[in-house]
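**Q** Input file: input_20.cif. Contents: mmCIF, C-alpha atoms and all ligand atoms.
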```cif
data_coords
loop_
_atom_site.label_atom_id
_atom_site.label_comp_id
_atom_site.auth_asym_id
_atom_site.auth_seq_id
_atom_site.Cartn_x
_atom_site.Cartn_y
_atom_site.Cartn_z
CA MET A 1421 -33.84 -35.67 112.99
CA LYS A 1422 -31.38 -33.35 111.26
CA ALA A 1423 -29.83 -34.57 108.02
CA THR A 1424 -27.30 -33.12 105.59
CA ALA A 1425 -26.49 -34.15 102.04
CA ILE A 1426 -24.02 -33.12 99.40
CA ALA A 1427 -24.62 -33.29 95.64
CA HIS A 1428 -22.86 -32.10 92.50
CA PRO A 1429 -24.40 -30.40 89.46
CA ASN A 1430 -24.48 -32.24 86.17
CA ILE A 1431 -24.13 -30.95 82.65
CA ALA A 1432 -26.31 -32.52 79.98
CA LEU A 1433 -24.62 -33.92 76.86
CA VAL A 1434 -28.06 -34.55 75.37
CA LYS A 1435 -30.36 -31.90 76.85
CA TYR A 1436 -33.76 -32.23 78.47
CA TRP A 1437 -35.93 -29.46 77.04
CA GLY A 1438 -39.73 -29.56 77.42
CA LYS A 1439 -42.19 -31.17 79.83
CA ARG A 1440 -45.06 -33.38 78.76
CA ASP A 1441 -46.44 -33.29 82.33
CA ARG A 1442 -45.72 -30.09 84.26
CA GLU A 1443 -46.95 -31.28 87.64
CA HIS A 1444 -44.89 -34.48 87.76
CA ILE A 1445 -42.06 -33.06 85.64
CA LEU A 1446 -42.11 -35.75 82.99
CA PRO A 1447 -39.97 -34.83 79.98
CA TYR A 1448 -40.74 -35.12 76.29
CA ASN A 1449 -37.29 -36.56 75.67
CA SER A 1450 -34.67 -38.66 77.46
CA SER A 1451 -31.34 -37.01 78.29
CA ILE A 1452 -27.75 -37.95 79.21
CA SER A 1453 -25.42 -36.06 81.54
CA VAL A 1454 -22.12 -36.15 83.30
CA THR A 1455 -21.94 -35.28 87.00
CA LEU A 1456 -19.21 -32.74 87.81
CA ASP A 1457 -16.79 -32.98 90.72
CA SER A 1458 -15.43 -29.70 92.25
CA LEU A 1459 -18.79 -27.82 92.20
CA GLU A 1460 -21.18 -28.78 94.98
CA THR A 1461 -24.28 -27.99 97.00
CA LEU A 1462 -24.61 -28.81 100.69
CA THR A 1463 -28.12 -28.95 102.18
CA THR A 1464 -29.26 -29.46 105.76
CA ALA A 1465 -32.90 -30.22 106.60
CA GLU A 1466 -34.91 -30.75 109.76
CA PHE A 1467 -38.64 -31.00 110.42
CA TYR A 1468 -39.82 -28.93 113.38
CA ASP A 1469 -42.97 -27.80 115.22
CA GLY A 1470 -43.20 -24.32 113.62
CA HIS A 1471 -46.00 -22.99 111.42
CA GLU A 1472 -44.05 -22.39 108.23
CA ASP A 1473 -41.20 -23.75 106.17
CA VAL A 1474 -38.04 -21.70 106.61
CA VAL A 1475 -35.79 -22.14 103.59
CA MET A 1476 -32.52 -20.31 102.96
CA ILE A 1477 -30.75 -20.84 99.64
CA GLY A 1478 -27.43 -19.06 100.12
CA GLN A 1479 -28.36 -15.59 101.39
CA GLN A 1480 -31.90 -15.69 99.92
CA ARG A 1481 -35.10 -16.81 101.61
CA ASP A 1482 -37.12 -19.12 99.33
CA THR A 1483 -40.85 -18.99 100.04
CA ILE A 1484 -42.08 -20.68 96.87
CA ARG A 1485 -40.05 -23.29 95.08
CA MET A 1486 -38.45 -25.33 97.89
CA PRO A 1487 -41.63 -25.14 100.06
CA ARG A 1488 -43.54 -26.58 97.07
CA PHE A 1489 -40.95 -29.34 96.85
CA LEU A 1490 -41.34 -29.95 100.59
CA ASP A 1491 -45.09 -30.43 99.98
CA THR A 1492 -44.22 -33.17 97.49
CA VAL A 1493 -41.98 -34.85 100.05
CA ARG A 1494 -44.66 -34.49 102.74
CA ALA A 1495 -47.22 -36.14 100.45
CA TYR A 1496 -44.75 -38.97 99.74
CA THR A 1497 -43.63 -39.57 103.33
CA GLY A 1498 -46.85 -38.78 105.20
CA ILE A 1499 -44.99 -36.35 107.48
CA GLU A 1500 -46.99 -33.20 108.24
CA LYS A 1501 -44.50 -30.96 110.05
CA ARG A 1502 -42.91 -27.87 108.52
CA ALA A 1503 -39.20 -27.90 107.78
CA LYS A 1504 -36.07 -25.81 108.13
CA VAL A 1505 -33.78 -26.12 105.10
CA VAL A 1506 -30.45 -24.36 104.55
CA SER A 1507 -28.56 -24.81 101.31
CA GLU A 1508 -25.15 -23.49 100.23
CA SER A 1509 -23.40 -23.89 96.86
CA ASN A 1510 -19.79 -23.09 95.98
CA PHE A 1511 -20.80 -21.70 92.56
CA PRO A 1512 -23.38 -19.13 91.30
CA ALA A 1513 -27.06 -20.11 91.27
CA ALA A 1514 -29.49 -19.67 88.35
CA ALA A 1515 -26.85 -18.67 85.80
CA GLY A 1516 -27.15 -21.74 83.63
CA LEU A 1517 -24.64 -23.68 85.71
CA ALA A 1518 -27.19 -26.31 86.67
CA SER A 1519 -27.41 -25.25 90.33
CA SER A 1520 -30.94 -26.63 90.56
CA SER A 1521 -29.63 -30.09 89.64
CA SER A 1522 -27.32 -30.30 92.66
CA GLY A 1523 -29.74 -28.25 94.79
CA TYR A 1524 -32.72 -30.58 94.47
CA ALA A 1525 -30.64 -33.78 94.48
CA ALA A 1526 -29.09 -32.71 97.81
CA ALA A 1527 -32.51 -31.57 99.10
CA ALA A 1528 -34.20 -34.85 98.12
CA LEU A 1529 -31.60 -36.83 100.07
CA ALA A 1530 -31.45 -34.54 103.12
CA VAL A 1531 -35.21 -33.97 103.44
CA THR A 1532 -36.22 -37.64 103.08
CA LYS A 1533 -33.55 -38.66 105.62
CA ALA A 1534 -34.79 -35.93 107.97
CA ALA A 1535 -38.25 -37.49 107.55
CA GLY A 1536 -36.77 -40.81 108.71
CA LEU A 1537 -36.56 -42.54 105.31
CA GLU A 1538 -33.64 -44.20 103.54
CA LEU A 1539 -34.73 -44.45 99.91
CA THR A 1540 -33.31 -46.35 96.96
CA ALA A 1541 -31.50 -44.34 94.29
CA GLU A 1542 -34.48 -44.90 92.00
CA GLU A 1543 -36.98 -43.46 94.52
CA LEU A 1544 -34.66 -40.56 95.29
CA SER A 1545 -34.22 -39.71 91.63
CA ARG A 1546 -38.00 -39.69 91.13
CA ILE A 1547 -38.41 -37.31 94.09
CA ALA A 1548 -35.50 -35.06 93.04
CA ARG A 1549 -37.10 -34.85 89.58
CA ARG A 1550 -40.15 -33.16 91.14
CA GLY A 1551 -37.91 -30.32 92.38
CA SER A 1552 -36.05 -29.85 89.10
CA GLY A 1553 -35.93 -32.25 86.17
CA SER A 1554 -32.15 -32.18 85.85
CA ALA A 1555 -31.83 -33.09 89.57
CA ALA A 1556 -33.09 -36.60 88.70
CA ARG A 1557 -29.63 -37.11 87.15
CA SER A 1558 -27.48 -35.60 89.98
CA VAL A 1559 -28.54 -38.35 92.39
CA HIS A 1560 -25.90 -40.44 90.61
CA GLY A 1561 -22.26 -39.85 89.84
CA GLY A 1562 -20.53 -40.52 86.53
CA PHE A 1563 -22.64 -40.72 83.39
CA VAL A 1564 -26.39 -40.78 83.81
CA GLU A 1565 -29.30 -41.37 81.49
CA TRP A 1566 -32.71 -40.03 82.48
CA GLU A 1567 -35.17 -42.12 80.53
CA LYS A 1568 -38.34 -40.20 79.82
CA GLY A 1569 -40.43 -43.25 80.81
CA VAL A 1570 -44.17 -43.60 80.40
CA SER A 1571 -45.23 -42.48 83.90
CA ASP A 1572 -44.02 -41.06 87.20
CA GLU A 1573 -42.82 -44.55 88.21
CA ASP A 1574 -40.32 -45.17 85.42
CA SER A 1575 -39.00 -41.68 84.70
CA TYR A 1576 -35.73 -41.42 86.64
CA GLY A 1577 -31.96 -41.23 86.25
CA ARG A 1578 -29.95 -44.42 85.86
CA ARG A 1579 -26.18 -44.58 86.14
CA MET A 1580 -24.58 -45.81 82.95
CA HIS A 1581 -21.99 -48.61 83.15
CA ALA A 1582 -19.06 -46.55 81.92
CA GLU A 1583 -15.94 -44.95 83.34
CA TRP A 1584 -14.00 -42.10 81.76
CA PRO A 1585 -11.62 -40.64 84.35
CA GLU A 1586 -9.78 -38.46 81.78
CA LEU A 1587 -12.86 -36.45 80.81
CA ARG A 1588 -12.56 -32.80 81.84
CA ILE A 1589 -15.27 -30.17 81.91
CA THR A 1590 -13.99 -26.60 81.99
CA VAL A 1591 -16.57 -23.91 82.71
CA ALA A 1592 -15.96 -20.46 81.23
CA VAL A 1593 -18.00 -18.13 83.43
CA THR A 1594 -19.06 -15.03 81.50
CA SER A 1595 -21.76 -13.85 83.91
CA THR A 1596 -22.99 -14.75 87.38
CA GLU A 1597 -26.21 -12.71 87.12
CA PRO A 1598 -29.42 -14.75 87.54
CA LYS A 1599 -31.01 -15.40 84.16
CA GLU A 1600 -34.03 -13.34 83.07
CA THR A 1601 -36.22 -16.30 82.11
CA PRO A 1602 -36.05 -19.44 84.26
CA SER A 1603 -35.73 -22.78 82.40
CA ARG A 1604 -39.21 -23.81 83.50
CA GLU A 1605 -40.91 -20.89 81.68
CA ALA A 1606 -38.51 -21.03 78.76
CA MET A 1607 -39.33 -24.69 78.14
CA GLU A 1608 -43.07 -24.07 78.18
CA GLN A 1609 -42.69 -21.18 75.78
CA THR A 1610 -40.58 -23.35 73.48
CA VAL A 1611 -43.05 -26.24 73.40
CA GLU A 1612 -45.91 -23.83 72.74
CA THR A 1613 -44.35 -21.55 70.14
CA SER A 1614 -41.23 -22.95 68.43
CA PRO A 1615 -42.02 -24.30 64.95
CA TYR A 1616 -39.00 -26.59 65.31
CA TYR A 1617 -39.94 -28.49 68.46
CA LYS A 1618 -41.10 -31.63 66.60
CA ALA A 1619 -37.83 -31.69 64.64
CA TRP A 1620 -35.90 -31.49 67.94
CA LEU A 1621 -37.78 -34.50 69.30
CA ALA A 1622 -37.29 -36.42 66.06
CA SER A 1623 -33.50 -35.98 66.29
CA ILE A 1624 -33.04 -37.02 69.94
CA ASP A 1625 -32.75 -40.81 69.56
CA GLU A 1626 -29.83 -40.41 67.20
CA ASP A 1627 -28.03 -38.07 69.63
CA LEU A 1628 -28.67 -40.41 72.57
CA ALA A 1629 -27.28 -43.39 70.63
CA ALA A 1630 -24.17 -41.44 69.56
CA VAL A 1631 -23.45 -40.17 73.09
CA ARG A 1632 -23.99 -43.64 74.61
CA ARG A 1633 -21.54 -45.09 72.09
CA GLY A 1634 -19.07 -42.22 72.56
CA ILE A 1635 -19.07 -42.60 76.35
CA ALA A 1636 -18.55 -46.37 76.09
CA LEU A 1637 -15.58 -45.78 73.75
CA ASN A 1638 -14.28 -42.74 75.71
CA SER A 1639 -14.38 -40.93 72.36
CA ILE A 1640 -14.09 -37.18 72.95
CA ARG A 1641 -14.78 -36.60 69.29
CA LEU A 1642 -18.05 -38.53 69.16
CA VAL A 1643 -19.34 -37.24 72.50
CA GLY A 1644 -18.09 -33.71 71.85
CA GLU A 1645 -19.46 -33.34 68.32
CA THR A 1646 -22.83 -34.74 69.36
CA ALA A 1647 -23.09 -32.69 72.56
CA GLU A 1648 -22.17 -29.46 70.75
CA HIS A 1649 -24.66 -30.14 67.98
CA ASN A 1650 -27.39 -31.05 70.49
CA CYS A 1651 -26.75 -27.84 72.47
CA LEU A 1652 -26.91 -25.68 69.36
CA LYS A 1653 -30.19 -27.34 68.36
CA MET A 1654 -31.63 -26.53 71.80
CA HIS A 1655 -30.51 -22.89 71.48
CA ALA A 1656 -31.98 -22.79 67.96
CA LEU A 1657 -35.31 -23.78 69.52
CA MET A 1658 -34.97 -20.96 72.03
CA LEU A 1659 -34.16 -18.43 69.31
CA SER A 1660 -37.26 -19.52 67.40
CA THR A 1661 -39.76 -19.11 70.26
CA GLN A 1662 -42.07 -16.13 70.57
CA PRO A 1663 -40.86 -13.91 72.18
CA PRO A 1664 -37.31 -15.12 71.43
CA LEU A 1665 -35.07 -16.40 74.23
CA ILE A 1666 -31.46 -15.32 73.84
CA TYR A 1667 -29.30 -16.53 76.72
CA TRP A 1668 -25.91 -15.70 75.22
CA ASN A 1669 -23.81 -12.57 75.67
CA GLU A 1670 -20.86 -11.36 73.58
CA SER A 1671 -18.39 -13.39 75.62
CA THR A 1672 -20.46 -16.56 75.20
CA MET A 1673 -20.03 -16.14 71.45
CA ALA A 1674 -16.34 -15.34 71.84
CA VAL A 1675 -15.81 -18.56 73.84
CA MET A 1676 -17.64 -20.63 71.21
CA LYS A 1677 -15.40 -19.13 68.53
CA ALA A 1678 -12.28 -19.75 70.64
CA VAL A 1679 -13.25 -23.42 71.04
CA GLN A 1680 -13.79 -23.79 67.29
CA LYS A 1681 -10.45 -22.12 66.63
CA ALA A 1682 -8.72 -24.39 69.17
CA ARG A 1683 -10.20 -27.38 67.37
CA HIS A 1684 -9.00 -26.08 64.06
CA ASP A 1685 -5.52 -25.94 65.63
CA GLY A 1686 -5.69 -29.59 66.70
CA ILE A 1687 -7.04 -29.35 70.27
CA GLN A 1688 -9.95 -31.76 70.81
CA ALA A 1689 -12.35 -29.41 72.61
CA TYR A 1690 -16.14 -29.09 72.29
CA PHE A 1691 -18.64 -26.80 74.00
CA THR A 1692 -22.08 -27.19 75.49
CA ILE A 1693 -24.26 -24.45 77.00
CA ASP A 1694 -27.37 -24.72 79.20
CA ALA A 1695 -30.02 -22.01 79.52
CA GLY A 1696 -27.53 -19.27 80.39
CA PRO A 1697 -24.45 -17.45 79.10
CA ASN A 1698 -21.76 -19.72 80.61
CA VAL A 1699 -19.97 -22.26 78.48
CA CYS A 1700 -18.86 -25.78 79.47
CA ILE A 1701 -16.01 -27.17 77.39
CA LEU A 1702 -15.31 -30.88 77.10
CA THR A 1703 -11.76 -32.20 76.69
CA SER A 1704 -10.06 -35.50 77.47
CA GLY A 1705 -6.75 -35.64 79.33
CA ASP A 1706 -4.58 -32.92 80.84
CA THR A 1707 -2.66 -31.77 77.75
CA ASP A 1708 -5.63 -30.62 75.66
CA THR A 1709 -7.27 -29.21 78.80
CA ARG A 1710 -4.18 -27.08 79.52
CA TYR A 1711 -4.00 -25.75 75.95
CA LEU A 1712 -7.70 -25.03 76.02
CA THR A 1713 -7.50 -23.19 79.36
CA GLU A 1714 -4.71 -20.95 78.03
CA ARG A 1715 -6.97 -19.98 75.12
CA LEU A 1716 -9.94 -19.30 77.40
CA GLU A 1717 -7.83 -17.05 79.64
CA ALA A 1718 -7.25 -14.81 76.63
CA VAL A 1719 -10.97 -14.37 75.84
CA GLU A 1720 -12.34 -10.99 76.85
CA GLY A 1721 -15.25 -11.19 79.29
CA VAL A 1722 -14.37 -14.59 80.76
CA ASP A 1723 -14.53 -13.73 84.48
CA LYS A 1724 -13.58 -17.09 85.87
CA ILE A 1725 -12.58 -20.56 84.76
CA LEU A 1726 -13.83 -23.53 86.78
CA ARG A 1727 -12.09 -26.87 86.29
CA CYS A 1728 -14.07 -30.06 86.78
CA GLY A 1729 -13.72 -33.78 86.28
CA VAL A 1730 -16.28 -36.54 86.61
CA GLY A 1731 -17.98 -36.42 90.02
CA ALA A 1732 -19.74 -38.70 92.49
CA GLY A 1733 -23.42 -39.09 93.33
CA ALA A 1734 -25.41 -37.47 96.14
CA ARG A 1735 -24.48 -38.66 99.63
CA TYR A 1736 -24.91 -37.90 103.33
CA THR A 1737 -22.43 -35.90 105.35
CA GLU A 1738 -22.20 -34.88 109.02
CA ASP A 1739 -21.20 -31.28 108.11
CA HIS A 1740 -24.53 -29.75 109.15
CA LEU A 1741 -25.17 -26.12 108.16
CA PHE A 1742 -27.16 -25.35 111.36
O1 LIG B 1 -34.08 -29.06 85.46
P1 LIG B 1 -34.15 -27.66 84.97
O2 LIG B 1 -35.53 -27.13 85.10
O3 LIG B 1 -33.11 -26.79 85.61
O4 LIG B 1 -33.83 -27.66 83.38
C1 LIG B 1 -32.61 -28.02 82.86
C2 LIG B 1 -32.50 -27.60 81.43
C3 LIG B 1 -31.12 -27.68 80.83
O5 LIG B 1 -30.13 -27.45 81.81
C4 LIG B 1 -30.99 -26.59 79.76
C5 LIG B 1 -30.87 -29.01 80.13
C6 LIG B 1 -30.57 -30.19 80.99
O6 LIG B 1 -30.87 -31.31 80.54
O7 LIG B 1 -29.99 -30.04 82.08
#
```
Is it possible to give me this structure as structure tokens?

**A**
Amino acid sequence: MKATAIAHPNIALVKYWGKRDREHILPYNSSISVTLDSLETLTTAEFYDGHEDVVMIGQQRDTIRMPRFLDTVRAYTGIEKRAKVVSESNFPAAAGLASSSSGYAAAALAVTKAAGLELTAEELSRIARRGSGSAARSVHGGFVEWEKGVSDEDSYGRRMHAEWPELRITVAVTSTEPKETPSREAMEQTVETSPYYKAWLASIDEDLAAVRRGIALNSIRLVGETAEHNCLKMHALMLSTQPPLIYWNESTMAVMKAVQKARHDGIQAYFTIDAGPNVCILTSGDTDTRYLTERLEAVEGVDKILRCGVGAGARYTEDHLF
């Protein structure tokens, strides 16, 4: 059976950084994200009688990561056949724009359906997590908390009971080059060598509580201040690893400064940055978002501005890619 799924990337407001179990992708800390709307990944999967998995991610053949994920799905479903998988995103991959979150959420849904299964959101999130930790959250729309859990069974994304239709996430793209160090390696290096990792973990519960409260109140200030602080703490960990991990470029810095300046001038805008040079800016409502966008357009090195709101969870579609 051929199956196709669509999923959106999410951006973490409290970041996941560090695995306590690398095989099952169990995190050291819980995280909270918002799923984005206008960016998306479409994935079609089909099991067939060939001798190898054939996986195309955009224009690139993937012979390692998705085939390894397919092994996980095969072990879970009992299916032994190889698969054909084609995946297309409408935004750049591997540039710190969370493409693996939408990629593996869409793959988890399409591949399990192609294997003849209709899973619960909880099961799907656990499977997506094995492809990429952040994908555990993109199974759902809206605001999602991935609780670290104690084992494989209880570590998955849960949709939070909150709506915030005015929240806007504006992405300032400063580079679409793939990053030099993938998140997976960067996390391991951080856990092993940053002297600040314990302090990071000790500060997470406070950030989670503040973001939960801020989302419930639709408070851009509480969510924004906490998300920005949490992001800077994660980047401080990266800077303090050996060798150091510096994901920012000059324009990343210029955008951060522009956001601070906008705030100084009364615009409620806050930034967060994943493992890459692109900056996501949080605002609430159209007026502040418009003022913010005008400022971003004037920053040198901002190649593109992507406008997003709060998006939906992963779902099936009949728009097959082959
Ligand atoms: O799931 P991964 O391996 O792409 O790691 C995601 C890491 C961050 O994007 C930096 C943080 C997060 O929680 O999404």

**Q** In Å, with one decimal, what is the gap from atom CA of Val1474 of chain A to atom CA of Val1531 of chain A?

**A**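 About the pair atom CA of Val1474 of chain A and atom CA of Val1531 of chain A: they are 13.0 Å apart.
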
**Q** From the set A:Met1673, A:Val1505, A:Ile1445, A:Leu1716, which residue has the shortest atom-to-atom contact distance to ligand LIG 1 (chain B), counting all atoms listed in the file?

**A**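 Residue with the minimum atom-to-atom distance to ligand LIG 1 (chain B): A:Ile1445.
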
**Q** Could you pull out the residues sitting within 9 Å of ligand LIG 1 (chain B), using all atoms listed in the file, and write them as number ranges by chain?

**A** A: 1430-1438, 1445, 1450-1453, 1514, 1516-1521, 1549, 1551-1557, 1602-1605, 1607, 1651, 1654, 1693-1696

**Q** For atom CA of Glu1567 of chain A and atom CA of Thr1661 of chain A, quote the distance in Å rounded to one decimal.

**A**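 Taking atom CA of Glu1567 of chain A as the start and atom CA of Thr1661 of chain A as the end point, the length is 25.6 Å.
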
**Q** One decimal, in Å: what's the spacing between atom CA of Pro1487 of chain A and atom CA of Asp1473 of chain A?

**A**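 Distance between the two atoms: 6.3 Å.
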
**Q** Could you list, as an MDAnalysis selection string, every residue within 7 Å of Thr1461 of chain A, counting all atoms listed in the file and ignoring same-chain residues fewer than 4 positions away?

**A** chainID A and resid 1426:1428 1507:1510 1522:1523 1526

**Q** Using all atoms listed in the file for the distances, tell me which of A:Ala1423, A:Val1475, A:Leu1702, A:Val1493 is nearest to Ile1589 of chain A.

**A**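 So, comparing all the options, the nearest one is A:Leu1702.
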
**Q** Using only C-alpha atoms, determine which residues lie at most 12 Å from Glu1466 of chain A, disregarding the query and same-chain residues fewer than 4 positions distant; provide the list as a PyMOL selection string.

**A** chain A and resi 1421-1425+1470+1473-1475+1490+1499+1501-1506+1527+1529-1536+1740-1742
